[in-house]
$ cat work05.txt   # compact mmCIF, C-alpha atoms
# COMPACT_ATOMS: atom_id res chain seq x y z
CA MET A 9 -1.18 -13.84 27.45
CA LYS A 10 2.00 -12.99 25.56
CA ALA A 11 1.20 -11.39 22.21
CA CYS A 12 1.30 -13.50 19.03
CA PHE A 13 2.72 -10.54 17.14
CA PRO A 14 4.48 -7.36 18.35
CA SER A 15 2.40 -4.22 18.76
CA VAL A 16 2.39 -1.80 15.86
CA PRO A 17 4.15 1.51 16.57
CA VAL A 18 1.82 4.08 18.05
CA GLU A 19 1.69 7.15 15.85
CA ALA A 20 -0.43 10.26 15.79
CA PRO A 21 -3.36 9.45 13.49
CA SER A 22 -4.67 11.76 10.81
CA SER A 23 -7.53 14.08 11.75
CA PHE A 24 -10.04 11.86 9.96
CA ALA A 25 -8.96 8.72 11.82
CA ALA A 26 -8.43 10.41 15.18
CA TYR A 27 -12.00 9.86 16.30
CA SER A 28 -12.89 6.20 16.00
CA LYS A 29 -16.42 5.39 14.97
CA SER A 30 -15.95 1.76 15.93
CA PRO A 31 -18.85 0.39 18.01
CA VAL A 32 -16.19 -1.59 19.88
CA CYS A 33 -14.91 1.68 21.34
CA ALA A 34 -18.39 2.27 22.80
CA TRP A 35 -18.45 -1.34 24.06
CA LEU A 36 -15.18 -0.77 25.91
CA GLU A 37 -16.50 2.38 27.54
CA HIS A 38 -19.52 0.48 28.83
CA TYR A 39 -18.11 -2.97 29.70
CA GLN A 40 -14.37 -2.64 30.26
CA SER A 41 -14.74 -2.77 34.05
CA SER A 42 -17.50 -5.40 34.04
CA GLU A 43 -17.35 -8.99 35.22
CA PHE A 44 -18.41 -11.40 32.49
CA MET A 45 -20.52 -14.39 33.45
CA PHE A 46 -20.10 -17.72 31.66
CA SER A 47 -20.83 -21.30 32.58
CA GLU A 48 -17.74 -23.32 33.47
CA ALA A 49 -17.89 -25.12 30.11
CA GLN A 50 -18.34 -21.88 28.16
CA ALA A 51 -15.44 -20.26 30.02
CA CYS A 52 -13.23 -23.25 29.19
CA ALA A 53 -14.26 -23.09 25.53
CA LEU A 54 -13.65 -19.35 25.23
CA SER A 55 -10.24 -19.69 26.90
CA ARG A 56 -9.30 -21.73 23.82
CA LEU A 57 -11.07 -19.62 21.21
CA LEU A 58 -10.20 -16.08 22.25
CA PRO A 59 -6.43 -16.50 21.68
CA LEU A 60 -7.19 -17.36 18.04
CA LEU A 61 -9.24 -14.19 17.65
CA VAL A 62 -6.73 -11.99 19.47
CA CYS A 63 -3.89 -13.27 17.26
CA GLY A 64 -5.96 -12.39 14.22
CA GLU A 65 -6.51 -8.84 15.42
CA GLN A 66 -2.80 -8.37 16.10
CA SER A 67 -1.87 -9.67 12.66
CA SER A 68 -4.43 -7.46 10.95
CA GLN A 69 -3.00 -4.36 12.59
CA TRP A 70 0.32 -5.00 10.86
CA VAL A 71 -1.28 -5.55 7.46
CA PHE A 72 -3.01 -2.19 7.47
CA TYR A 73 -0.22 -0.35 9.29
CA ASN A 74 2.38 -1.49 6.76
CA GLU A 75 0.15 -0.55 3.85
CA SER A 76 -0.59 2.87 5.35
CA ARG A 77 3.15 3.50 5.55
CA ARG A 78 3.72 2.29 1.98
CA GLN A 79 0.89 4.45 0.68
CA LYS A 80 2.08 7.48 2.61
CA TYR A 81 5.49 7.31 0.94
CA GLN A 82 3.73 7.13 -2.43
CA SER A 83 1.71 10.27 -1.68
CA VAL A 84 -1.65 8.54 -2.03
CA GLU A 85 -4.80 10.58 -1.46
CA ALA A 86 -5.65 11.29 2.17
CA THR A 87 -8.92 9.33 2.14
CA ALA A 88 -7.13 6.03 1.47
CA LEU A 89 -4.63 6.70 4.24
CA ASP A 90 -7.47 7.54 6.60
CA ASP A 91 -9.15 4.23 5.80
CA PHE A 92 -6.03 2.25 6.69
CA GLU A 93 -5.27 4.25 9.82
CA ARG A 94 -8.84 3.92 11.02
CA ILE A 95 -8.74 0.16 10.51
CA VAL A 96 -5.53 -0.10 12.55
CA LEU A 97 -7.33 1.78 15.30
CA ASP A 98 -10.39 -0.47 14.97
CA GLU A 99 -8.25 -3.59 15.27
CA LYS A 100 -6.49 -2.22 18.34
CA TYR A 101 -9.89 -1.73 19.97
CA HIS A 102 -10.90 -5.27 18.96
CA GLU A 103 -7.75 -6.68 20.52
CA GLN A 104 -8.25 -4.65 23.70
CA ALA A 105 -11.89 -5.74 24.06
CA LEU A 106 -11.19 -9.43 23.38
CA GLU A 107 -8.30 -9.31 25.86
CA CYS A 108 -10.67 -7.71 28.38
CA VAL A 109 -12.85 -10.82 28.20
CA ARG A 110 -9.97 -13.30 27.94
CA SER A 111 -8.21 -11.86 31.00
CA GLN A 112 -11.09 -13.06 33.19
CA LEU A 113 -10.72 -16.67 32.03
CA ALA A 114 -8.27 -19.32 33.18
CA GLU A 115 -5.52 -19.86 30.64
CA SER A 116 -5.70 -23.13 28.74
CA ALA A 117 -2.93 -25.61 29.57
CA ASP A 118 -1.96 -25.85 25.89
CA ILE A 119 -2.17 -22.14 25.17
CA LEU A 120 1.25 -22.15 23.47
CA SER A 121 0.12 -24.80 20.99
CA ILE A 122 -3.08 -22.84 20.25
CA LYS A 123 -1.09 -19.66 19.67
CA ARG A 124 1.47 -21.37 17.43
CA ARG A 125 -1.25 -22.74 15.17
CA SER A 126 -2.75 -19.28 14.91
CA GLN A 127 0.61 -17.61 14.28
CA ARG A 128 1.41 -20.04 11.47
CA PHE A 129 -1.92 -19.39 9.81
CA PHE A 130 -1.71 -15.60 9.89
CA ALA A 131 1.99 -15.51 9.00
CA SER A 132 1.25 -17.65 5.93
CA LEU A 133 -1.12 -14.96 4.66
CA GLY A 134 1.76 -12.53 4.42
CA ALA A 135 3.78 -14.90 2.22
CA ARG A 136 2.08 -13.66 -0.97
CA ASN A 137 4.47 -11.87 -3.31
CA LYS A 138 1.92 -9.38 -4.58
CA ILE A 139 0.22 -6.81 -2.37
CA GLU A 140 -3.04 -7.05 -4.29
CA GLU A 141 -3.20 -10.81 -3.59
CA HIS A 142 -2.60 -10.17 0.10
CA PHE A 143 -5.49 -7.72 0.28
CA ALA A 144 -7.73 -10.11 -1.62
CA GLN A 145 -6.87 -12.67 1.06
CA ILE A 146 -7.70 -10.20 3.81
CA ALA A 147 -11.04 -9.31 2.23
CA CYS A 148 -12.00 -13.00 2.02
CA LEU A 149 -10.78 -13.64 5.57
CA ASP A 150 -12.63 -10.70 7.09
CA ALA A 151 -15.83 -11.74 5.33
CA LEU A 152 -15.52 -15.13 7.02
CA VAL A 153 -14.86 -13.44 10.36
CA CYS A 154 -18.11 -11.50 9.92
CA LYS A 155 -19.90 -14.78 9.36
CA LEU A 156 -18.28 -16.39 12.39
CA MET A 157 -19.31 -13.44 14.58
CA LEU A 158 -22.90 -13.84 13.33
CA PHE A 159 -22.92 -17.53 14.28
CA ILE A 160 -21.59 -16.67 17.76
CA GLU A 161 -24.42 -14.13 18.09
CA LYS A 162 -26.91 -16.88 17.31
CA GLY A 163 -25.23 -19.40 19.62
CA HIS A 164 -25.93 -20.45 23.20
CA LEU A 165 -25.19 -17.13 24.91
CA ALA A 166 -28.05 -14.71 25.55
CA SER A 167 -28.59 -12.11 22.86
CA GLN A 168 -27.68 -9.25 25.22
CA HIS A 169 -24.70 -10.96 26.83
CA PRO A 170 -21.73 -8.54 26.72
CA PHE A 171 -19.63 -10.99 24.71
CA VAL A 172 -22.40 -11.37 22.13
CA LEU A 173 -22.67 -7.58 21.93
CA LEU A 174 -18.90 -7.43 21.39
CA CYS A 175 -19.08 -9.95 18.55
CA ARG A 176 -21.88 -7.92 16.98
CA ALA A 177 -19.78 -4.76 17.21
CA ILE A 178 -16.70 -6.48 15.73
CA LYS A 179 -18.86 -7.80 12.89
CA GLN A 180 -19.93 -4.27 12.00
CA ASP A 181 -16.33 -3.11 11.78
CA GLU A 182 -15.17 -6.15 9.83
CA ALA A 183 -17.88 -5.65 7.21
CA ARG A 184 -16.41 -2.21 6.51
CA HIS A 185 -12.90 -3.66 6.46
CA VAL A 186 -13.99 -6.17 3.81
CA SER A 187 -15.13 -3.34 1.55
CA VAL A 188 -11.89 -1.39 2.02
CA SER A 189 -9.67 -4.43 1.41
CA LYS A 190 -11.60 -5.60 -1.64
CA ARG A 191 -11.61 -2.13 -3.18
CA HIS A 192 -7.88 -1.78 -2.53
CA ALA A 193 -7.05 -5.21 -4.00
CA LEU A 194 -8.95 -4.40 -7.19
CA LYS A 195 -7.41 -0.93 -7.38
CA LEU A 196 -3.95 -2.50 -7.19
CA GLY A 197 -4.82 -4.76 -10.11
CA TYR A 198 -6.16 -7.98 -8.61
CA ASP A 199 -7.98 -10.07 -11.21
CA LYS A 200 -11.64 -10.13 -10.17
CA SER A 201 -12.15 -13.42 -11.99
CA LYS A 202 -9.85 -15.11 -9.45
CA TRP A 203 -11.89 -13.98 -6.44
CA LYS A 204 -13.85 -17.21 -5.98
CA GLU A 205 -10.71 -19.30 -6.19
CA MET A 206 -9.05 -17.13 -3.57
CA ASN A 207 -12.10 -17.30 -1.34
CA ASP A 208 -12.13 -21.10 -1.58
CA VAL A 209 -8.46 -21.30 -0.60
CA ILE A 210 -8.82 -18.95 2.37
CA SER A 211 -12.01 -20.70 3.48
CA GLN A 212 -10.25 -24.07 3.53
CA GLN A 213 -7.25 -22.71 5.40
CA LEU A 214 -9.37 -20.97 8.02
CA TYR A 215 -11.58 -24.03 8.36
CA ASP A 216 -8.51 -26.17 9.02
CA LEU A 217 -7.42 -23.77 11.77
CA LEU A 218 -10.81 -23.39 13.47
CA ASN A 219 -11.66 -27.06 13.13
CA THR A 220 -8.89 -27.82 15.62
CA GLU A 221 -11.23 -26.22 18.19
CA ARG A 222 -14.45 -27.79 16.92
CA ALA A 223 -15.49 -28.94 20.42
CA ALA A 224 -14.94 -25.49 21.92
CA PHE A 225 -17.02 -23.82 19.22
CA SER A 226 -19.77 -26.40 19.73
CA GLU A 227 -19.85 -25.57 23.44
CA ILE A 228 -20.88 -21.97 22.66
CA GLY A 229 -23.40 -23.07 20.04
CA VAL A 230 -21.36 -22.72 16.87
CA GLN A 231 -21.06 -25.61 14.43
CA ILE A 232 -17.97 -24.98 12.32
CA ASP A 233 -19.30 -26.89 9.31
CA ASP A 234 -22.32 -24.57 9.21
CA VAL A 235 -20.10 -21.47 9.21
CA PHE A 236 -18.34 -22.77 6.11
CA ASP A 237 -21.51 -24.12 4.46
CA LEU A 238 -20.25 -27.69 4.59
CA VAL A 239 -22.83 -30.45 4.19
CA SER A 240 -22.19 -33.68 6.03
CA ALA A 241 -22.08 -36.71 3.79

$ encode --input "work05.txt" --output "structure tokens"
Amino acid sequence: MKACFPSVPVEAPSSFAAYSKSPVCAWLEHYQSSEFMFSEAQACALSRLLPLLVCGEQSSQWVFYNESRRQKYQSVEATALDDFERIVLDEKYHEQALECVRSQLAESADILSIKRRSQRFFASLGARNKIEEHFAQIACLDALVCKLMLFIEKGHLASQHPFVLLCRAIKQDEARHVSVSKRHALKLGYDKSKWKEMNDVISQQLYDLLNTERAAFSEIGVQIDDVFDLVSA
């Protein structure tokens, strides 16, 4: 599948970020050469869902890469730079692992339409004028991704299925990313009183994107309305 976004430049990471602690790295070491077993319906569903997730990982790499460069030029303390560099590395592993699974599935006939919807969504996040607002967005988005991964874990696939284990590993990383993004947004001056409003906006936008694949999510045991705490009338 052609990438939604170009790859970030590969640079030598700092000593702190050089050794990834991402559980996804361990997943890749164990499962990268494995064959993943899905029912025909599950494989069809995932062929539609994985491009959305892969696009998100590619977009996230740019967010943290660009901020690491900006912070480096401003001579920010090394710990903050390490956080951003490590997250870029995490997201690269996420992309690689999700692509590992996706590559074994038949490509959906309308893959270009799926990718365009995803590209529009993630590109819109970067339209904010203020960096602190962008990182508030990312914190809210990653928190929702954690929740989505949890619902996939509890879905129709067996608890020890490699894809479920991958979602669990991604969830662990994303929880840390939420903390880093939220702390950074507040440090840059984001108004904490606006957090709920931002979360509501991002939740609605992500719901609108994922709801286009409601049937595919249902096939793997995930009800989108439940992820977003929506109550049917």

$ closest_atom_pairs --input "work05.txt" --of "segment 143-218 of chain A" --to "segment 105-124 of chain A" --cutoff "10 Å" --atoms "all atoms listed in the file" --output "Markdown table"
| residue | atom | partner | partner_atom | distance |
| --- | --- | --- | --- | --- |
| A:Pro170 | CA | A:Val109 | CA | 9.3 |
| A:Phe171 | CA | A:Val109 | CA | 7.6 |
| A:Leu174 | CA | A:Ala105 | CA | 7.7 |
| A:Cys175 | CA | A:Leu106 | CA | 9.3 |
| A:Ile178 | CA | A:Ala105 | CA | 9.6 |
| A:Leu217 | CA | A:Ile122 | CA | 9.6 |

$ atom_distance --input "work05.txt" --atom1 "atom CA of Leu214 of chain A" --atom2 "atom CA of Cys154 of chain A"
13.0 Å

$ closest_atom_pairs --input "work05.txt" --of "segment 73-164 of chain A" --to "segment 183-195 of chain A" --cutoff "10 Å" --atoms "only C-alpha atoms" --output "JSON lines"
{"residue": "A:Ala88", "atom": "CA", "partner": "A:His192", "partner_atom": "CA", "distance": 8.8}
{"residue": "A:Asp91", "atom": "CA", "partner": "A:Val188", "partner_atom": "CA", "distance": 7.3}
{"residue": "A:Phe92", "atom": "CA", "partner": "A:Val188", "partner_atom": "CA", "distance": 8.3}
{"residue": "A:Arg94", "atom": "CA", "partner": "A:His185", "partner_atom": "CA", "distance": 9.7}
{"residue": "A:Ile95", "atom": "CA", "partner": "A:His185", "partner_atom": "CA", "distance": 6.9}
{"residue": "A:Asp98", "atom": "CA", "partner": "A:His185", "partner_atom": "CA", "distance": 9.4}
{"residue": "A:Glu99", "atom": "CA", "partner": "A:His185", "partner_atom": "CA", "distance": 10.0}
{"residue": "A:Lys138", "atom": "CA", "partner": "A:Ala193", "partner_atom": "CA", "distance": 9.9}
{"residue": "A:Ile139", "atom": "CA", "partner": "A:Ala193", "partner_atom": "CA", "distance": 7.6}
{"residue": "A:Glu140", "atom": "CA", "partner": "A:Ala193", "partner_atom": "CA", "distance": 4.4}
{"residue": "A:Glu141", "atom": "CA", "partner": "A:Ala193", "partner_atom": "CA", "distance": 6.8}
{"residue": "A:His142", "atom": "CA", "partner": "A:Ala193", "partner_atom": "CA", "distance": 7.8}
{"residue": "A:Phe143", "atom": "CA", "partner": "A:Ala193", "partner_atom": "CA", "distance": 5.2}
{"residue": "A:Ala144", "atom": "CA", "partner": "A:Ala193", "partner_atom": "CA", "distance": 5.5}
{"residue": "A:Gln145", "atom": "CA", "partner": "A:Ser189", "partner_atom": "CA", "distance": 8.7}
{"residue": "A:Ile146", "atom": "CA", "partner": "A:Ser189", "partner_atom": "CA", "distance": 6.6}
{"residue": "A:Ala147", "atom": "CA", "partner": "A:Val186", "partner_atom": "CA", "distance": 4.6}
{"residue": "A:Cys148", "atom": "CA", "partner": "A:Val186", "partner_atom": "CA", "distance": 7.3}
{"residue": "A:Leu149", "atom": "CA", "partner": "A:Val186", "partner_atom": "CA", "distance": 8.3}
{"residue": "A:Asp150", "atom": "CA", "partner": "A:Val186", "partner_atom": "CA", "distance": 5.8}
{"residue": "A:Ala151", "atom": "CA", "partner": "A:Val186", "partner_atom": "CA", "distance": 6.1}
{"residue": "A:Leu152", "atom": "CA", "partner": "A:Val186", "partner_atom": "CA", "distance": 9.6}
{"residue": "A:Val153", "atom": "CA", "partner": "A:Ala183", "partner_atom": "CA", "distance": 8.9}
{"residue": "A:Cys154", "atom": "CA", "partner": "A:Ala183", "partner_atom": "CA", "distance": 6.5}
{"residue": "A:Lys155", "atom": "CA", "partner": "A:Ala183", "partner_atom": "CA", "distance": 9.6}

$ residues_around --input "work05.txt" --residues "segment 40-51 of chain A" --least-positions-apart "3" --cutoff "7 Å" --atoms "all atoms listed in the file" --output "list of chain:residue names"
A:Leu36, A:Glu37, A:Leu54, A:Ser55, A:Cys108, A:Leu113, A:Glu227, A:Ile228

$ closest_residue --input "work05.txt" --among "A:Val62, A:Ala177, A:Val209, A:Ala11" --to "Leu158 of chain A" --atoms "all atoms listed in the file"
A:Ala177

$ decode --input "work05.txt" --residues "segment 24-134 of chain A" --atoms "C-alpha atoms" --output "short mmCIF file (atom, residue, chain, number, x, y, z; two decimals), in the first residue's frame"
data_model
loop_
_atom_site.label_atom_id
_atom_site.label_comp_id
_atom_site.auth_asym_id
_atom_site.auth_seq_id
_atom_site.Cartn_x
_atom_site.Cartn_y
_atom_site.Cartn_z
CA PHE A 24 18.27 7.77 25.51
CA ALA A 25 15.98 7.04 22.56
CA ALA A 26 18.35 4.64 20.80
CA TYR A 27 17.01 1.59 22.61
CA SER A 28 13.26 1.40 22.18
CA LYS A 29 11.29 0.10 25.11
CA SER A 30 8.19 -0.27 22.96
CA PRO A 31 6.46 -3.65 23.42
CA VAL A 32 5.72 -3.46 19.69
CA CYS A 33 9.43 -3.94 19.03
CA ALA A 34 9.25 -7.22 20.96
CA TRP A 35 6.09 -8.16 19.04
CA LEU A 36 7.92 -7.66 15.75
CA GLU A 37 10.80 -9.84 16.86
CA HIS A 38 8.38 -12.64 17.69
CA TYR A 39 5.72 -12.38 14.96
CA GLN A 40 7.22 -10.56 11.98
CA SER A 41 7.69 -13.79 10.02
CA SER A 42 4.43 -15.39 11.16
CA GLU A 43 1.32 -16.13 9.14
CA PHE A 44 -1.76 -14.54 10.67
CA MET A 45 -4.99 -16.49 10.65
CA PHE A 46 -8.33 -14.73 10.23
CA SER A 47 -11.73 -15.80 9.00
CA GLU A 48 -12.57 -14.57 5.50
CA ALA A 49 -14.94 -11.94 6.94
CA GLN A 50 -12.39 -10.76 9.52
CA ALA A 51 -9.68 -10.51 6.85
CA CYS A 52 -12.00 -8.43 4.67
CA ALA A 53 -12.84 -6.16 7.61
CA LEU A 54 -9.20 -5.66 8.61
CA SER A 55 -8.22 -4.90 5.01
CA ARG A 56 -10.44 -1.82 5.39
CA LEU A 57 -9.47 -0.89 8.94
CA LEU A 58 -5.70 -1.29 8.91
CA PRO A 59 -5.10 1.46 6.31
CA LEU A 60 -6.82 3.91 8.68
CA LEU A 61 -4.51 2.89 11.51
CA VAL A 62 -1.37 2.91 9.35
CA CYS A 63 -2.16 6.42 8.09
CA GLY A 64 -2.51 7.55 11.68
CA GLU A 65 0.88 6.17 12.62
CA GLN A 66 2.53 7.87 9.64
CA SER A 67 0.93 11.21 10.50
CA SER A 68 1.95 10.94 14.14
CA GLN A 69 5.57 10.41 13.20
CA TRP A 70 5.62 13.83 11.52
CA VAL A 71 4.00 15.57 14.48
CA PHE A 72 6.65 14.41 16.92
CA TYR A 73 9.53 14.61 14.44
CA ASN A 74 8.74 18.23 13.58
CA GLU A 75 8.43 19.16 17.24
CA SER A 76 11.70 17.42 18.09
CA ARG A 77 13.41 19.52 15.42
CA ARG A 78 11.78 22.73 16.65
CA GLN A 79 12.73 21.98 20.24
CA LYS A 80 16.29 21.08 19.28
CA TYR A 81 16.81 24.49 17.67
CA GLN A 82 15.49 26.10 20.86
CA SER A 83 17.99 24.18 23.01
CA VAL A 84 15.33 22.47 25.09
CA GLU A 85 16.45 20.05 27.80
CA ALA A 86 17.55 16.63 26.57
CA THR A 87 14.75 14.73 28.33
CA ALA A 88 12.04 16.44 26.26
CA LEU A 89 13.91 15.74 23.04
CA ASP A 90 14.33 12.11 24.07
CA ASP A 91 10.58 11.83 24.63
CA PHE A 92 9.80 13.07 21.12
CA GLU A 93 12.48 10.99 19.45
CA ARG A 94 11.37 7.88 21.28
CA ILE A 95 7.76 8.45 20.21
CA VAL A 96 8.83 8.79 16.56
CA LEU A 97 10.60 5.46 16.95
CA ASP A 98 7.54 3.93 18.63
CA GLU A 99 5.28 5.08 15.80
CA LYS A 100 7.66 3.67 13.20
CA TYR A 101 7.43 0.29 14.93
CA HIS A 102 3.63 0.59 15.05
CA GLU A 103 3.52 1.30 11.33
CA GLN A 104 5.86 -1.58 10.56
CA ALA A 105 3.86 -4.05 12.67
CA LEU A 106 0.47 -2.98 11.28
CA GLU A 107 1.89 -3.19 7.75
CA CYS A 108 3.17 -6.67 8.59
CA VAL A 109 -0.41 -7.77 9.23
CA ARG A 110 -1.95 -5.74 6.41
CA SER A 111 0.48 -7.15 3.83
CA GLN A 112 -1.07 -10.60 4.28
CA LEU A 113 -4.56 -9.35 3.43
CA ALA A 114 -6.12 -8.70 0.04
CA GLU A 115 -6.31 -5.00 -0.71
CA SER A 116 -9.79 -3.50 -0.60
CA ALA A 117 -11.16 -2.41 -3.98
CA ASP A 118 -11.80 1.11 -2.66
CA ILE A 119 -8.50 1.45 -0.81
CA LEU A 120 -7.85 4.87 -2.36
CA SER A 121 -11.12 6.23 -0.99
CA ILE A 122 -10.35 4.82 2.47
CA LYS A 123 -6.90 6.40 2.43
CA ARG A 124 -8.18 9.77 1.24
CA ARG A 125 -10.68 9.95 4.09
CA SER A 126 -7.91 9.16 6.55
CA GLN A 127 -5.49 11.65 5.00
CA ARG A 128 -8.07 14.44 5.19
CA PHE A 129 -8.74 13.71 8.84
CA PHE A 130 -5.10 13.67 9.94
CA ALA A 131 -4.11 16.62 7.75
CA SER A 132 -6.91 18.66 9.34
CA LEU A 133 -5.31 18.17 12.75
CA GLY A 134 -2.25 20.03 11.59
#
